[in-house]
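Student: Input file: entry_6.csv. Contents: CSV, C-alpha atoms.
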chain,number,residue,atom,x,y,z
A,1,MET,CA,-11.9,15.3,-12.7
A,2,TYR,CA,-13.6,12.0,-13.1
A,3,GLY,CA,-14.6,10.1,-9.9
A,4,PHE,CA,-13.9,6.4,-9.9
A,5,LYS,CA,-16.0,4.0,-7.8
A,6,LYS,CA,-14.0,1.7,-5.5
A,7,LYS,CA,-15.8,-1.4,-6.7
A,8,ASP,CA,-15.0,-0.7,-10.3
A,9,LEU,CA,-11.3,0.0,-9.5
A,10,ARG,CA,-11.0,-3.2,-7.5
A,11,ASN,CA,-12.2,-5.3,-10.4
A,12,GLU,CA,-10.0,-3.5,-12.9
A,13,MET,CA,-6.8,-3.5,-10.8
A,14,LYS,CA,-7.2,-7.1,-9.7
A,15,ASN,CA,-7.4,-8.2,-13.3
A,16,ARG,CA,-4.4,-6.1,-14.4
A,17,ARG,CA,-2.4,-7.3,-11.4
A,18,ASN,CA,-3.2,-10.9,-11.9
A,19,SER,CA,-1.6,-10.8,-15.4
A,20,LEU,CA,1.8,-9.9,-13.8
A,21,SER,CA,4.6,-12.5,-13.6
A,22,ALA,CA,6.6,-13.3,-10.5
A,23,ASN,CA,9.6,-11.6,-12.1
A,24,GLU,CA,7.6,-8.4,-12.6
A,25,THR,CA,6.4,-8.2,-9.0
A,26,ARG,CA,10.0,-8.9,-7.8
A,27,LYS,CA,11.4,-6.1,-10.0
A,28,ALA,CA,8.7,-3.7,-8.8
A,29,GLY,CA,9.6,-4.5,-5.2
A,30,GLU,CA,13.3,-3.8,-5.9
A,31,CYS,CA,12.5,-0.4,-7.5
A,32,ILE,CA,10.2,0.6,-4.7
A,33,CYS,CA,12.8,-0.4,-2.1
A,34,LYS,CA,15.4,1.9,-3.8
A,35,ARG,CA,12.9,4.8,-3.6
A,36,LEU,CA,12.0,4.0,0.0
A,37,GLN,CA,15.7,4.4,1.0
A,38,ASP,CA,15.5,8.0,-0.1
A,39,ILE,CA,13.0,8.5,2.8
A,40,ILE,CA,14.8,6.5,5.6
A,41,LEU,CA,17.6,8.2,7.4
A,42,LYS,CA,20.3,5.9,8.9
A,43,ASP,CA,20.8,8.2,12.0
A,44,VAL,CA,17.1,8.4,12.9
A,45,ASN,CA,15.4,5.9,15.2
A,46,THR,CA,12.8,4.5,12.8
A,47,LEU,CA,10.0,1.9,12.8
A,48,VAL,CA,8.8,0.6,9.4
A,49,LEU,CA,5.4,-1.1,9.5
A,50,LEU,CA,5.6,-3.6,6.6
A,51,PHE,CA,3.2,-6.0,5.0
A,52,ALA,CA,3.6,-9.3,3.3
A,53,SER,CA,3.0,-9.2,-0.4
A,54,TYR,CA,-0.2,-10.9,-1.6
A,55,ASN,CA,-1.7,-11.7,-5.0
A,56,ASN,CA,1.0,-10.1,-7.2
A,57,GLU,CA,1.5,-7.0,-5.0
A,58,PRO,CA,5.1,-5.6,-5.4
A,59,ASP,CA,7.4,-7.9,-3.6
A,60,THR,CA,8.1,-6.4,-0.1
A,61,TYR,CA,10.5,-9.0,1.1
A,62,ILE,CA,13.4,-7.2,-0.5
A,63,ILE,CA,12.4,-4.2,1.6
A,64,TYR,CA,12.7,-6.2,4.8
A,65,GLU,CA,16.1,-7.7,3.8
A,66,THR,CA,17.5,-4.3,2.8
A,67,LEU,CA,16.4,-2.6,6.1
A,68,LYS,CA,17.9,-5.4,8.2
A,69,GLU,CA,21.2,-5.3,6.4
A,70,ASN,CA,21.7,-1.5,6.1
A,71,TYR,CA,19.7,0.3,8.7
A,72,PRO,CA,20.8,-0.6,12.3
A,73,LEU,CA,18.4,2.0,13.8
A,74,CYS,CA,15.4,0.7,11.9
A,75,ASP,CA,13.0,-1.8,13.4
A,76,THR,CA,10.4,-3.7,11.5
A,77,ALA,CA,6.9,-5.0,12.3
A,78,TYR,CA,4.2,-6.9,10.3
A,79,PRO,CA,0.4,-6.9,10.8
A,80,ALA,CA,-1.6,-9.9,12.0
A,81,VAL,CA,-5.4,-10.1,12.0
A,82,SER,CA,-7.0,-11.7,15.0
A,83,LYS,CA,-10.1,-13.6,14.2
A,84,ASN,CA,-11.0,-13.7,17.9
A,85,ASN,CA,-10.8,-10.0,18.5
A,86,PHE,CA,-13.8,-8.3,16.9
A,87,LYS,CA,-14.6,-4.6,16.9
A,88,ASN,CA,-17.8,-3.4,15.5
A,89,GLY,CA,-18.3,-6.9,13.9
A,90,ASN,CA,-14.8,-6.8,12.2
A,91,PRO,CA,-11.6,-8.6,13.1
A,92,ASP,CA,-8.9,-6.3,14.4
A,93,MET,CA,-5.3,-5.8,13.2
A,94,GLU,CA,-2.2,-5.3,15.3
A,95,PHE,CA,1.5,-5.1,14.5
A,96,TYR,CA,4.2,-7.5,15.8
A,97,ARG,CA,7.9,-7.3,15.8
A,98,VAL,CA,9.5,-9.6,13.2
A,99,ASN,CA,13.2,-10.5,13.1
A,100,ASP,CA,12.9,-13.5,10.8
A,101,ILE,CA,10.4,-13.4,8.0
A,102,SER,CA,10.8,-17.1,7.4
A,103,LYS,CA,8.7,-17.6,10.5
A,104,LEU,CA,5.7,-15.8,9.1
A,105,ILE,CA,2.7,-18.0,9.0
A,106,CYS,CA,-0.5,-18.2,6.8
A,107,GLY,CA,-3.1,-16.1,8.5
A,108,TYR,CA,-6.3,-14.2,7.4
A,109,LYS,CA,-7.2,-15.1,3.8
A,110,ASP,CA,-3.8,-17.0,3.6
A,111,ILE,CA,-1.8,-13.7,3.9
A,112,LYS,CA,1.5,-14.2,5.6
A,113,GLU,CA,1.6,-12.7,9.1
A,114,PRO,CA,3.4,-13.0,12.4
A,115,ASP,CA,2.4,-15.7,14.8
A,116,ALA,CA,0.7,-13.7,17.5
A,117,LYS,CA,1.5,-16.4,20.1
A,118,ARG,CA,5.2,-16.2,19.5
A,119,CYS,CA,5.9,-12.6,18.5
A,120,ASP,CA,5.9,-9.5,20.6
A,121,ILE,CA,3.1,-7.0,19.8
A,122,ILE,CA,4.2,-3.4,19.4
A,123,THR,CA,1.6,-1.1,20.9
A,124,ILE,CA,0.7,2.3,19.6
A,125,ASN,CA,1.9,3.8,22.9
A,126,GLU,CA,5.3,2.2,22.4
A,127,MET,CA,5.5,3.4,18.8
A,128,PHE,CA,5.1,7.0,19.7
A,129,SER,CA,7.3,6.9,22.9
A,130,HIS,CA,10.2,4.9,21.4
A,131,TYR,CA,10.6,6.0,17.8
A,132,ASP,CA,11.3,9.3,16.1
A,133,LYS,CA,9.9,8.3,12.8
A,134,ILE,CA,7.2,5.8,11.8
A,135,ILE,CA,6.8,4.8,8.2
A,136,ILE,CA,3.7,2.7,7.6
A,137,LEU,CA,3.6,0.9,4.3
A,138,ILE,CA,0.0,0.5,3.1
A,139,PRO,CA,-1.1,-2.0,0.5
A,140,GLY,CA,-4.0,-1.2,-1.9
A,141,LEU,CA,-5.5,-1.8,-5.3
A,142,ALA,CA,-5.6,1.8,-6.3
A,143,PHE,CA,-4.4,5.2,-5.1
A,144,ASP,CA,-5.1,8.7,-6.4
A,145,VAL,CA,-3.5,12.2,-6.6
A,146,TYR,CA,-5.3,13.2,-3.3
A,147,GLY,CA,-3.9,10.2,-1.3
A,148,ASN,CA,-7.2,8.3,-1.4
A,149,ARG,CA,-6.9,4.6,-1.5
A,150,THR,CA,-9.0,1.6,-2.6
A,151,GLY,CA,-8.2,-1.5,-0.4
A,152,TYR,CA,-9.8,-4.9,-0.4
A,153,GLY,CA,-12.9,-3.8,1.4
A,154,GLY,CA,-12.0,-5.1,4.9
A,155,GLY,CA,-11.2,-1.7,6.4
A,156,PHE,CA,-8.3,-3.0,8.5
A,157,TYR,CA,-5.9,-0.2,7.7
A,158,ASP,CA,-8.5,2.6,8.0
A,159,ARG,CA,-9.4,1.3,11.5
A,160,TYR,CA,-5.8,0.9,12.5
A,161,LEU,CA,-4.8,4.3,11.3
A,162,MET,CA,-7.7,5.9,13.0
A,163,ARG,CA,-6.5,4.4,16.3
A,164,LEU,CA,-2.9,5.5,15.5
A,165,PHE,CA,-3.9,9.1,14.9
A,166,MET,CA,-6.4,9.3,17.8
A,167,TYR,CA,-3.4,8.6,20.0
A,168,GLY,CA,-0.9,10.5,18.0
A,169,GLY,CA,-2.9,13.6,18.1
A,170,ARG,CA,-2.4,13.7,21.9
A,171,ASN,CA,1.1,12.3,22.0
A,172,ASN,CA,2.7,13.3,18.7
A,173,HIS,CA,6.3,12.5,19.5
A,174,ALA,CA,7.1,10.6,16.3
A,175,ASP,CA,6.8,11.8,12.7
A,176,VAL,CA,4.4,9.4,10.9
A,177,LEU,CA,4.5,8.9,7.1
A,178,LYS,CA,1.6,7.0,5.6
A,179,THR,CA,3.0,5.5,2.5
A,180,GLY,CA,1.0,3.7,-0.2
A,181,ILE,CA,2.9,0.9,-2.1
A,182,CYS,CA,1.7,-0.2,-5.5
A,183,HIS,CA,2.6,-0.9,-9.2
A,184,ASP,CA,2.7,2.3,-11.2
A,185,PHE,CA,-0.5,1.5,-13.1
A,186,GLN,CA,-2.4,1.4,-9.8
A,187,TYR,CA,-1.8,5.1,-9.3
A,188,ILE,CA,-4.7,7.1,-10.7
A,189,ASP,CA,-3.5,10.5,-12.0
A,190,ASN,CA,-6.5,11.3,-14.3
A,191,GLY,CA,-9.2,11.3,-11.7
A,192,TYR,CA,-10.0,10.6,-8.1
A,193,ILE,CA,-11.3,7.7,-6.0
A,194,ILE,CA,-14.8,8.4,-4.5
A,195,SER,CA,-13.9,8.2,-0.8
A,196,GLU,CA,-15.9,8.0,2.4
A,197,ALA,CA,-15.6,10.1,5.6
A,198,HIS,CA,-13.8,7.3,7.5
A,199,ASP,CA,-11.1,6.8,4.8
A,200,ILE,CA,-7.6,7.8,5.8
A,201,LYS,CA,-5.4,9.5,3.1
A,202,CYS,CA,-1.8,8.6,2.4
A,203,ASP,CA,1.0,11.1,2.7
A,204,CYS,CA,2.9,9.7,-0.2
A,205,ILE,CA,2.8,6.9,-2.7
A,206,ILE,CA,5.7,4.9,-3.9
A,207,THR,CA,5.4,2.9,-7.2
A,208,ASP,CA,8.0,1.1,-9.2
A,209,LYS,CA,8.5,4.3,-11.3
A,210,ARG,CA,8.1,7.3,-9.0
A,211,ILE,CA,7.4,8.8,-5.5
A,212,ILE,CA,4.4,11.0,-5.3
A,213,TYR,CA,4.1,13.3,-2.3
A,214,ILE,CA,0.5,14.2,-1.6
A,215,LYS,CA,-0.8,17.7,-1.0
A,216,HIS,CA,-3.9,17.3,1.1
A,217,TYR,CA,-6.3,19.6,-0.6
A,218,ASN,CA,-9.9,19.3,-1.7
A,219,LYS,CA,-10.6,18.0,-5.1
A,220,GLU,CA,-12.8,21.0,-5.8
A,221,ALA,CA,-9.8,23.3,-5.4
Take the structure in this file and express it as structure tokens.
Tutor:
Amino acid sequence: MYGFKKKDLRNEMKNRRNSLSANETRKAGECICKRLQDIILKDVNTLVLLFASYNNEPDTYIIYETLKENYPLCDTAYPAVSKNNFKNGNPDMEFYRVNDISKLICGYKDIKEPDAKRCDIITINEMFSHYDKIIILIPGLAFDVYGNRTGYGGGFYDRYLMRLFMYGGRNNHADVLKTGICHDFQYIDNGYIISEAHDIKCDCIITDKRIIYIKHYNKEA
């Protein structure tokens, strides 16, 4: 299989995504939302870690609205990047409970995020002690058949997921599903993304056309 460099994929996917209309991104979000509902059980205490759509990503606001209206046992949270909390030279990311998405503010790189001064942070300890299932929706520019992901280069999700699973390895009360969200053309099924040791793989990928469950095997197999 052919190996794709992250830099090349970023440029290609940004260009393709920039050509989409608002109607196309909204429809993609609606299709993804329907598929996500196949994963969420109404009788299970669930936390969904969402993200606010950015630069023609599939519209995730429909997901938030659907969860709030139809899943009483499902809580939602959004990430916020703190410019004042640096780790290894990089700003850190935390998740905050959100009960009204109209109150999201422009944050890091103008991406909508919770106001950390007015919203309650949800700690990793609380996630694993309070919920039976955690679904973390992960943005990206490209995903492959092995669950590898090309993000925007900031490393926020890789660092956060590393923290999540360092804790979860010791206190694995909740079932965690790492779920990539993207337009179908962003899913690479004819090759693999050249990844690095610190990259965290997705467990499944939901596009506007399909759900792909990842088998974590080596690309040489």
Student: Residues within 10 Å of Tyr131 in chain A, please, as an mmCIF file with C-alpha atoms, in the coordinates of the input. Count all atoms listed in the file; anything in the same chain fewer than 3 positions from it doesn't count.
Tutor:
data_model
loop_
_atom_site.group_PDB
_atom_site.id
_atom_site.type_symbol
_atom_site.label_atom_id
_atom_site.label_comp_id
_atom_site.auth_asym_id
_atom_site.auth_seq_id
_atom_site.Cartn_x
_atom_site.Cartn_y
_atom_site.Cartn_z
ATOM 1 C CA VAL A 44 17.100 8.400 12.900
ATOM 2 C CA ASN A 45 15.400 5.900 15.200
ATOM 3 C CA THR A 46 12.800 4.500 12.800
ATOM 4 C CA LEU A 47 10.000 1.900 12.800
ATOM 5 C CA LEU A 73 18.400 2.000 13.800
ATOM 6 C CA CYS A 74 15.400 0.700 11.900
ATOM 7 C CA ASP A 75 13.000 -1.800 13.400
ATOM 8 C CA GLU A 126 5.300 2.200 22.400
ATOM 9 C CA MET A 127 5.500 3.400 18.800
ATOM 10 C CA PHE A 128 5.100 7.000 19.700
ATOM 11 C CA ILE A 134 7.200 5.800 11.800
ATOM 12 C CA HIS A 173 6.300 12.500 19.500
ATOM 13 C CA ALA A 174 7.100 10.600 16.300
ATOM 14 C CA ASP A 175 6.800 11.800 12.700
ATOM 15 C CA VAL A 176 4.400 9.400 10.900
#
Student: Which neighbours of Lys117 in chain A fall inside 12 Å, counting only C-alpha atoms, when residues of the same chain fewer than 3 positions from it are skipped, and could you give them as a PyMOL selection string?
Tutor: chain A and resi 80+82+96-97+104-105+113-114+120-121
Student: Could I get the residues of range 96-176 of chain A with an atom no further than 8 Å from an atom of range 195-219 of chain A, each paired with its nearest atom pair and that distance in Å to one decimal, using only C-alpha atoms, sorted by chain and residue number, as a tab-separated table?
Tutor:
residue	atom	partner	partner_atom	distance
A:Phe143	CA	A:Ile205	CA	7.8
A:Val145	CA	A:Ile214	CA	6.7
A:Tyr146	CA	A:Ile214	CA	6.1
A:Gly147	CA	A:Cys202	CA	4.5
A:Asn148	CA	A:Lys201	CA	5.0
A:Arg149	CA	A:Lys201	CA	6.9
A:Asp158	CA	A:Ile200	CA	5.7
A:Leu161	CA	A:Ile200	CA	7.1
A:Met162	CA	A:Ile200	CA	7.4
Student: Neighbouring residues of range 17-29 of chain A were defined as those with any atom within 7 Å, considering only C-alpha atoms; residues of the same chain fewer than 3 positions away were excluded. Please report them as a ChimeraX atom specification.
Tutor: /A:13-14,32-33,56-60,62,183,208
Student: Quick one: pull the distance between CA of Pro139 in chain A and CA of Pro72 in chain A, Å, one decimal.
Tutor: 24.9 Å
Student: Using only C-alpha atoms, can you tell me which of A:Thr76, A:Thr179, A:Gln186, A:Ser129 comes closest to Ala142 in chain A?
Tutor: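 Using only C-alpha atoms, the shortest distance to Ala142 in chain A belongs to A:Gln186.
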Student: What is the distance, in Å and to one decimal place, between CA of Lys6 in chain A and CA of Ile193 in chain A?
Tutor: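 Atom-to-atom, CA of Lys6 in chain A to CA of Ile193 in chain A, that is 6.6 Å.
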Student: So, counting all atoms listed in the file, which residue among A:Asp189, A:Asp38, A:Glu69, A:Asp43 is closest to Asn99 in chain A?
Tutor: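 Looking only at the distances to Asn99 in chain A, the closest residue turns out to be A:Glu69.
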Student: Between CA of Glu65 in chain A and CA of Tyr78 in chain A, measure the distance and give it in Å to one decimal.
Tutor: 13.6 Å
Student: Find the residue from A:Cys119, A:Ala52, A:Ile101, A:Ile136 that sits nearest to Lys68 in chain A; use only C-alpha atoms when measuring.
Tutor: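 Result for the nearest residue to Lys68 in chain A: A:Ile101.
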